[in-house]
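**Student:** Take a look at this one; I'll ask things after.
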Amino acid sequence: MRELTPQTRPRGWFARTMPVTRSLLLWRGWLYLAYIGVALLLVVGIVNAAGTYSSSDDLKVELERLRLQGAPLSCAQAAPPAIPADQNAAPLYLKVAAQIEPHQPKGAGYADGRVGAGDWKPGQPMRYGVADWWNPEAMKALSDLVKSDEESLQLLYQAAARPGCRFDLKWSDGFAMMMPHLAKMRAICRFCVDATAVAVVEGNSELAGRRLKAAVAMACHATQEPSLISQLVAYAITNMAERTAEFALSKGSLSEADARAILAKITDLKLSNGMIRALQTERAMVLDIYDMARRDPASASALIGSSEGAEKITEWMWWLYVKGFPSLINADELAYLEFTDWSVRAAALPWAECRSEYQKMEEWTKEHFARALIARSVGPATYRVAQRRFETEVLLNLISGSLGLALYKQKTGQFPESLDALARINWPVPQDPFTDGPMKYTLQGDRYLLYSVGKDGVDDGGKPVWRMASHPPGPPPADQDLGDMPWQWR
């Protein structure tokens, strides 16, 4: 290119406007390219849509087949059956929650209820869930609080005795259904286990047994609600009940009648059935989202955007995804259905097989969820929920096993040499869901060690898994979330 000399350089108005003109031409060129790109997208979308909904029906047929092979097909069908009023525990639980609300840990030094055992300090008002059960001063204040809620305890006993529990929820709302009762159930359980601890400290084994039965009954009631979050609440309630049973048996023993009543509750609690029903309900809820996305992309975008872990997707992106490329949302739904149906099948398997299936599923989702905007936003984290379910089964079996060992000692004066001896008192041997065999047990003088080998399947001699041991708060290193799940009182 020839270099411009002072004699050949542009002068005057043209020289001043040339950079602006060049910028306008460049901007206009990019604009034309953008127009061409949008036009191509629209053409591809129209062709795609025509191919999906006219000449090619295979995808629609496959979608319909996968939809129909699962049940329920709608959230209305997923709703649990009605329960006669005199058999429904839900109204009584709501009354208890309303009565104990003033005694929940908020205000006056407590930060919105985000507290734990030992957070109470002298001079603060006592609240449920904050007392250190080994602190005599705290237990005296807690005892006074429990006595002030005697009416709530009576309602709780009545609720625990009822066979069913169905809260009045708007199941037609599907994925957007509000479930405020779940937080109330956890608050009631904190009240229940604190009341149990008070009875233990005061040496009243009859009340301790009755209140511990109520806590286990709450877990049973929570599993009756077919949703994943309800199952997680049931697991949390079971965890609180197990810690309470440890404390109760560290101070003494329960009556044989109470021990056998708790065993009956645990035997009736089929966590795998609850998990399968919850996965099926989740499937129905998400199918509603796919239908909504096709009818009204903006509403679906707002609903999915409000879910935890969902991607930030603008309204126009959703419109283009749903309307411009219908085969993409169909493939998205196919991936979700295959994933969820696979999860349902895996939930019925023993741990070793279940773990293997979920490991395959995690690899599968990396490929099939890569372009599935809805599936990867609302697909349930089933592996973690499944793991929690097996851990909760361990906690239930630790409770029943330790109750049996305590009853054996009541009858014979000593703990047995092996778990097989429990047959002498007509008590089942506690099983380890992680091995599909009996739990590990060793007699240690006047104490014993009872434990599950944990999710890794390796017998570490009863060494607690990282999160159960005494450690600073925070997530464990990747190689330290291993170990066993022992009964903490030995």
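Ordered as shown in the structure tokens, chains take letters A, B, and onward, while each chain numbers its residues from 1 and ligands are numbered from 1 in the order shown.
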Identify, on the basis of only C-alpha atoms, every residue whose closest approach to Pro91 of chain A does not exceed 10 Å; exclude the query and any residue fewer than 6 positions from it along the same chain; express the result as a VMD selection string.
**Tutor:** chain A and resid 85 97 155 159 165 to 168
**Student:** Find the residues near Trp364 of chain A: any atom within 10 Å, counting only C-alpha atoms, skip ones fewer than 5 places away on the same chain, and give them as JSON, numbers by chain.
**Tutor:** {"A": [335, 339, 358, 359, 369]}
**Student:** Taking C-alpha atoms for each residue, export the selection above as a PDB file, in the first residue's frame.
**Tutor:**
```pdb
ATOM      1  CA  ALA A 335     -32.781 -37.364  28.706  1.00  0.00           C
ATOM      2  CA  PHE A 339     -32.338 -40.475  33.917  1.00  0.00           C
ATOM      3  CA  TYR A 358     -25.381 -44.056  40.207  1.00  0.00           C
ATOM      4  CA  GLN A 359     -21.731 -43.904  39.254  1.00  0.00           C
ATOM      5  CA  PHE A 369     -27.286 -33.234  30.067  1.00  0.00           C
TER       6      PHE A 369
END
```
**Student:** Give me, as a PyMOL selection string, all polymer residues having an atom no more than 10 Å from Gln231 of chain A, counting only C-alpha atoms and skipping those fewer than 6 positions away in the same chain.
**Tutor:** chain A and resi 219-220+222-225+237+271+274-275+277-278+385+388-389
**Student:** Which of these, A:Gly252, A:Ser172, A:Gly454, A:Pro136, has the shortest distance to Ser205 of chain A once you count only C-alpha atoms?
**Tutor:** A:Gly252
**Student:** Taking only C-alpha atoms into account, which of A:Pro464, A:Pro428, A:Gly457, A:Pro486 comes nearest Thr267 of chain A?
**Tutor:**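 Residue with the minimum atom-to-atom distance to Thr267 of chain A: A:Pro428.
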**Student:** For Leu395 of chain A, find every residue with an atom within 8 Å (counting only C-alpha atoms), except residues of its own chain fewer than 5 positions away, and show them as a compact mmCIF listing (two decimals) with N, CA and C atoms, in the first residue's frame.
**Tutor:**
```txt
# COMPACT_ATOMS: atom_id res chain seq x y z
N THR A 238 -34.88 -38.58 61.77
CA THR A 238 -34.29 -39.83 62.24
C THR A 238 -32.93 -39.59 62.88
N ASN A 239 -32.15 -38.69 62.30
CA ASN A 239 -30.84 -38.37 62.87
C ASN A 239 -30.98 -37.81 64.28
N GLU A 242 -31.95 -40.64 66.63
CA GLU A 242 -30.82 -41.54 66.95
C GLU A 242 -29.91 -40.93 68.01
```
**Student:** If I take atom CA of Val201 of chain A and atom CA of Ala248 of chain A, how far is one from the other in Å, to one decimal?
**Tutor:** 8.5 Å
**Student:** Identify which of the residues A:Val198, A:Ile399, A:Arg283, A:Val394 lies closest to Ser343 of chain A, counting only C-alpha atoms when measuring atom-to-atom distances.
**Tutor:**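 Ranking A:Val198, A:Ile399, A:Arg283, A:Val394 by distance to Ser343 of chain A, first place goes to A:Arg283.
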**Student:** Using DSSP on the backbone coordinates, identify all residues within segment 372-425 of chain A classified as alpha helix (DSSP H); present the result as an MDAnalysis selection string.
**Tutor:** chainID A and resid 373:378 382:412
**Student:** Find the residue from A:Arg65, A:Lys366, A:Arg243, A:His181 that sits nearest to Trp487 of chain A; use only C-alpha atoms when measuring.
**Tutor:**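 Going through A:Arg65, A:Lys366, A:Arg243, A:His181 one by one, the smallest distance to Trp487 of chain A is for A:Arg243.
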**Student:** Name the residues in contact with Arg127 of chain A at a cut-off of 10 Å, using only C-alpha atoms, excluding same-chain residues fewer than 3 positions from it; report them as a list in words.
**Tutor:**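 Selected residues are Ile100, Glu101, Pro102, His103, Gln104, Pro105, Lys106, Tyr110, Gly113, Asp119, Trp120, Gln124, Val130, Ala131, Ala141, Leu142, Leu145, Val146, Arg190, Phe191 and Asp194 of chain A.
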**Student:** Got a sec: who's within 9 Å of Gly462 of chain A, counting only C-alpha atoms, leaving out chain neighbours fewer than 6 positions off, as a list in words?
**Tutor:**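 What passes the distance filter is Lys440, Leu449, Leu450, Tyr451, Ser452, Val453, Gly483, Asp484, Met485, Pro486 and Trp487 of chain A.
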**Student:** Find the distance between atom CA of Pro416 of chain A and atom CA of Lys455 of chain A and write it in Å to one decimal.
**Tutor:**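 One can read the atom CA of Pro416 of chain A to atom CA of Lys455 of chain A distance as 26.9 Å.
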**Student:** Nearest residue to Asp456 of chain A out of A:Arg355, A:Lys184, A:Arg424, A:Lys270, using only C-alpha atoms?
**Tutor:**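 Of the candidates, the smallest distance to Asp456 of chain A is held by A:Arg355.
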**Student:** How far is it from atom CA of Ala78 of chain A to atom CA of Gln280 of chain A, in Å with one decimal?
**Tutor:**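 Separating atom CA of Ala78 of chain A from atom CA of Gln280 of chain A is a distance of 7.9 Å.
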**Student:** Using DSSP on the backbone coordinates, identify the residues of segment 395-483 of chain A assigned to strand (DSSP E); present them as a ChimeraX atom specification.
**Tutor:** /A:431-432,437-438,440-444,447-452
**Student:** Convert the current residue selection to file output with all heavy atoms, as a compact mmCIF listing (two decimals), in the first residue's frame.
**Tutor:**
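As written to disk, selection-v6.txt reads:
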```
# COMPACT_ATOMS: atom_id res chain seq x y z
N GLN A 431 -29.10 -55.11 60.90
CA GLN A 431 -28.42 -55.30 59.63
C GLN A 431 -27.70 -54.02 59.19
O GLN A 431 -28.09 -52.92 59.55
CB GLN A 431 -29.42 -55.71 58.55
CG GLN A 431 -30.14 -57.01 58.85
CD GLN A 431 -29.19 -58.20 58.89
OE1 GLN A 431 -28.52 -58.51 57.91
NE2 GLN A 431 -29.13 -58.88 60.02
N ASP A 432 -26.65 -54.20 58.41
CA ASP A 432 -25.89 -53.08 57.85
C ASP A 432 -26.25 -52.93 56.38
O ASP A 432 -25.89 -53.77 55.55
CB ASP A 432 -24.38 -53.34 57.99
CG ASP A 432 -23.54 -52.15 57.53
OD1 ASP A 432 -24.13 -51.18 56.99
OD2 ASP A 432 -22.31 -52.18 57.73
N GLY A 437 -25.55 -57.29 55.29
CA GLY A 437 -25.32 -58.34 56.28
C GLY A 437 -25.42 -57.75 57.67
O GLY A 437 -25.74 -56.56 57.85
N PRO A 438 -25.13 -58.53 58.72
CA PRO A 438 -25.23 -58.02 60.09
C PRO A 438 -24.24 -56.90 60.36
O PRO A 438 -23.17 -56.82 59.74
CB PRO A 438 -24.90 -59.25 60.95
CG PRO A 438 -25.10 -60.43 60.05
CD PRO A 438 -24.77 -59.96 58.67
N LYS A 440 -21.41 -54.85 62.60
CA LYS A 440 -20.25 -55.30 63.35
C LYS A 440 -20.50 -55.08 64.84
O LYS A 440 -21.05 -54.05 65.25
CB LYS A 440 -19.01 -54.54 62.90
CG LYS A 440 -18.69 -54.65 61.41
CD LYS A 440 -18.38 -56.07 61.00
CE LYS A 440 -18.03 -56.16 59.53
NZ LYS A 440 -17.75 -57.54 59.10
N TYR A 441 -20.06 -56.04 65.64
CA TYR A 441 -20.30 -55.96 67.09
C TYR A 441 -19.15 -56.64 67.82
O TYR A 441 -18.73 -57.74 67.47
CB TYR A 441 -21.61 -56.65 67.45
CG TYR A 441 -21.85 -56.81 68.94
CD1 TYR A 441 -22.33 -55.75 69.70
CD2 TYR A 441 -21.58 -58.02 69.57
CE1 TYR A 441 -22.56 -55.90 71.07
CE2 TYR A 441 -21.81 -58.18 70.93
CZ TYR A 441 -22.30 -57.11 71.68
OH TYR A 441 -22.51 -57.25 73.03
N THR A 442 -18.64 -55.94 68.83
CA THR A 442 -17.64 -56.54 69.73
C THR A 442 -17.96 -56.14 71.16
O THR A 442 -18.37 -55.00 71.42
CB THR A 442 -16.21 -56.09 69.39
OG1 THR A 442 -16.14 -54.65 69.42
CG2 THR A 442 -15.78 -56.58 68.02
N LEU A 443 -17.80 -57.07 72.06
CA LEU A 443 -18.01 -56.80 73.48
C LEU A 443 -16.70 -56.27 74.06
O LEU A 443 -15.63 -56.85 73.86
CB LEU A 443 -18.44 -58.08 74.19
CG LEU A 443 -18.84 -57.96 75.65
CD1 LEU A 443 -20.04 -57.03 75.82
CD2 LEU A 443 -19.16 -59.34 76.23
N GLN A 444 -16.79 -55.16 74.79
CA GLN A 444 -15.60 -54.52 75.36
C GLN A 444 -15.81 -54.33 76.86
O GLN A 444 -16.19 -53.26 77.33
CB GLN A 444 -15.34 -53.18 74.67
CG GLN A 444 -15.09 -53.31 73.16
CD GLN A 444 -14.91 -51.97 72.47
OE1 GLN A 444 -15.38 -50.94 72.95
NE2 GLN A 444 -14.22 -51.97 71.35
N ARG A 447 -19.00 -52.71 78.23
CA ARG A 447 -19.55 -51.92 77.13
C ARG A 447 -19.44 -52.71 75.84
O ARG A 447 -18.95 -53.84 75.82
CB ARG A 447 -18.82 -50.58 77.01
CG ARG A 447 -19.01 -49.68 78.21
CD ARG A 447 -18.49 -48.28 77.92
NE ARG A 447 -18.79 -47.36 79.02
CZ ARG A 447 -18.64 -46.05 78.95
NH1 ARG A 447 -18.17 -45.49 77.83
NH2 ARG A 447 -18.93 -45.27 79.96
N TYR A 448 -19.89 -52.11 74.75
CA TYR A 448 -19.84 -52.79 73.47
C TYR A 448 -19.59 -51.77 72.37
O TYR A 448 -19.74 -50.56 72.56
CB TYR A 448 -21.16 -53.53 73.19
CG TYR A 448 -22.37 -52.63 73.08
CD1 TYR A 448 -22.69 -52.00 71.88
CD2 TYR A 448 -23.19 -52.40 74.18
CE1 TYR A 448 -23.78 -51.17 71.77
CE2 TYR A 448 -24.30 -51.57 74.09
CZ TYR A 448 -24.59 -50.95 72.89
OH TYR A 448 -25.67 -50.12 72.80
N LEU A 449 -19.21 -52.29 71.21
CA LEU A 449 -19.03 -51.47 70.02
C LEU A 449 -19.93 -52.03 68.93
O LEU A 449 -19.79 -53.19 68.53
CB LEU A 449 -17.57 -51.48 69.57
CG LEU A 449 -17.25 -50.76 68.25
CD1 LEU A 449 -17.66 -49.29 68.32
CD2 LEU A 449 -15.77 -50.89 67.92
N LEU A 450 -20.87 -51.23 68.46
CA LEU A 450 -21.80 -51.62 67.41
C LEU A 450 -21.68 -50.59 66.29
O LEU A 450 -21.77 -49.39 66.54
CB LEU A 450 -23.24 -51.65 67.95
CG LEU A 450 -24.35 -51.98 66.95
CD1 LEU A 450 -24.26 -53.45 66.52
CD2 LEU A 450 -25.72 -51.69 67.56
N TYR A 451 -21.47 -51.05 65.05
CA TYR A 451 -21.28 -50.07 63.98
C TYR A 451 -21.54 -50.66 62.60
O TYR A 451 -21.53 -51.87 62.39
CB TYR A 451 -19.86 -49.49 64.03
CG TYR A 451 -18.72 -50.48 63.79
CD1 TYR A 451 -18.16 -50.62 62.52
CD2 TYR A 451 -18.20 -51.24 64.84
CE1 TYR A 451 -17.11 -51.52 62.31
CE2 TYR A 451 -17.17 -52.13 64.62
CZ TYR A 451 -16.63 -52.26 63.36
OH TYR A 451 -15.60 -53.15 63.15
N SER A 452 -21.78 -49.73 61.66
CA SER A 452 -21.84 -50.03 60.24
C SER A 452 -20.50 -49.66 59.62
O SER A 452 -19.84 -48.73 60.08
CB SER A 452 -22.96 -49.21 59.58
OG SER A 452 -22.75 -49.06 58.19
```
**Student:** Residues at most 12 Å from Gly203 of chain A, counting only C-alpha atoms, excluding those fewer than 2 positions away in the same chain, as number ranges by chain?
**Tutor:** A: 196-201, 205-209, 248-254
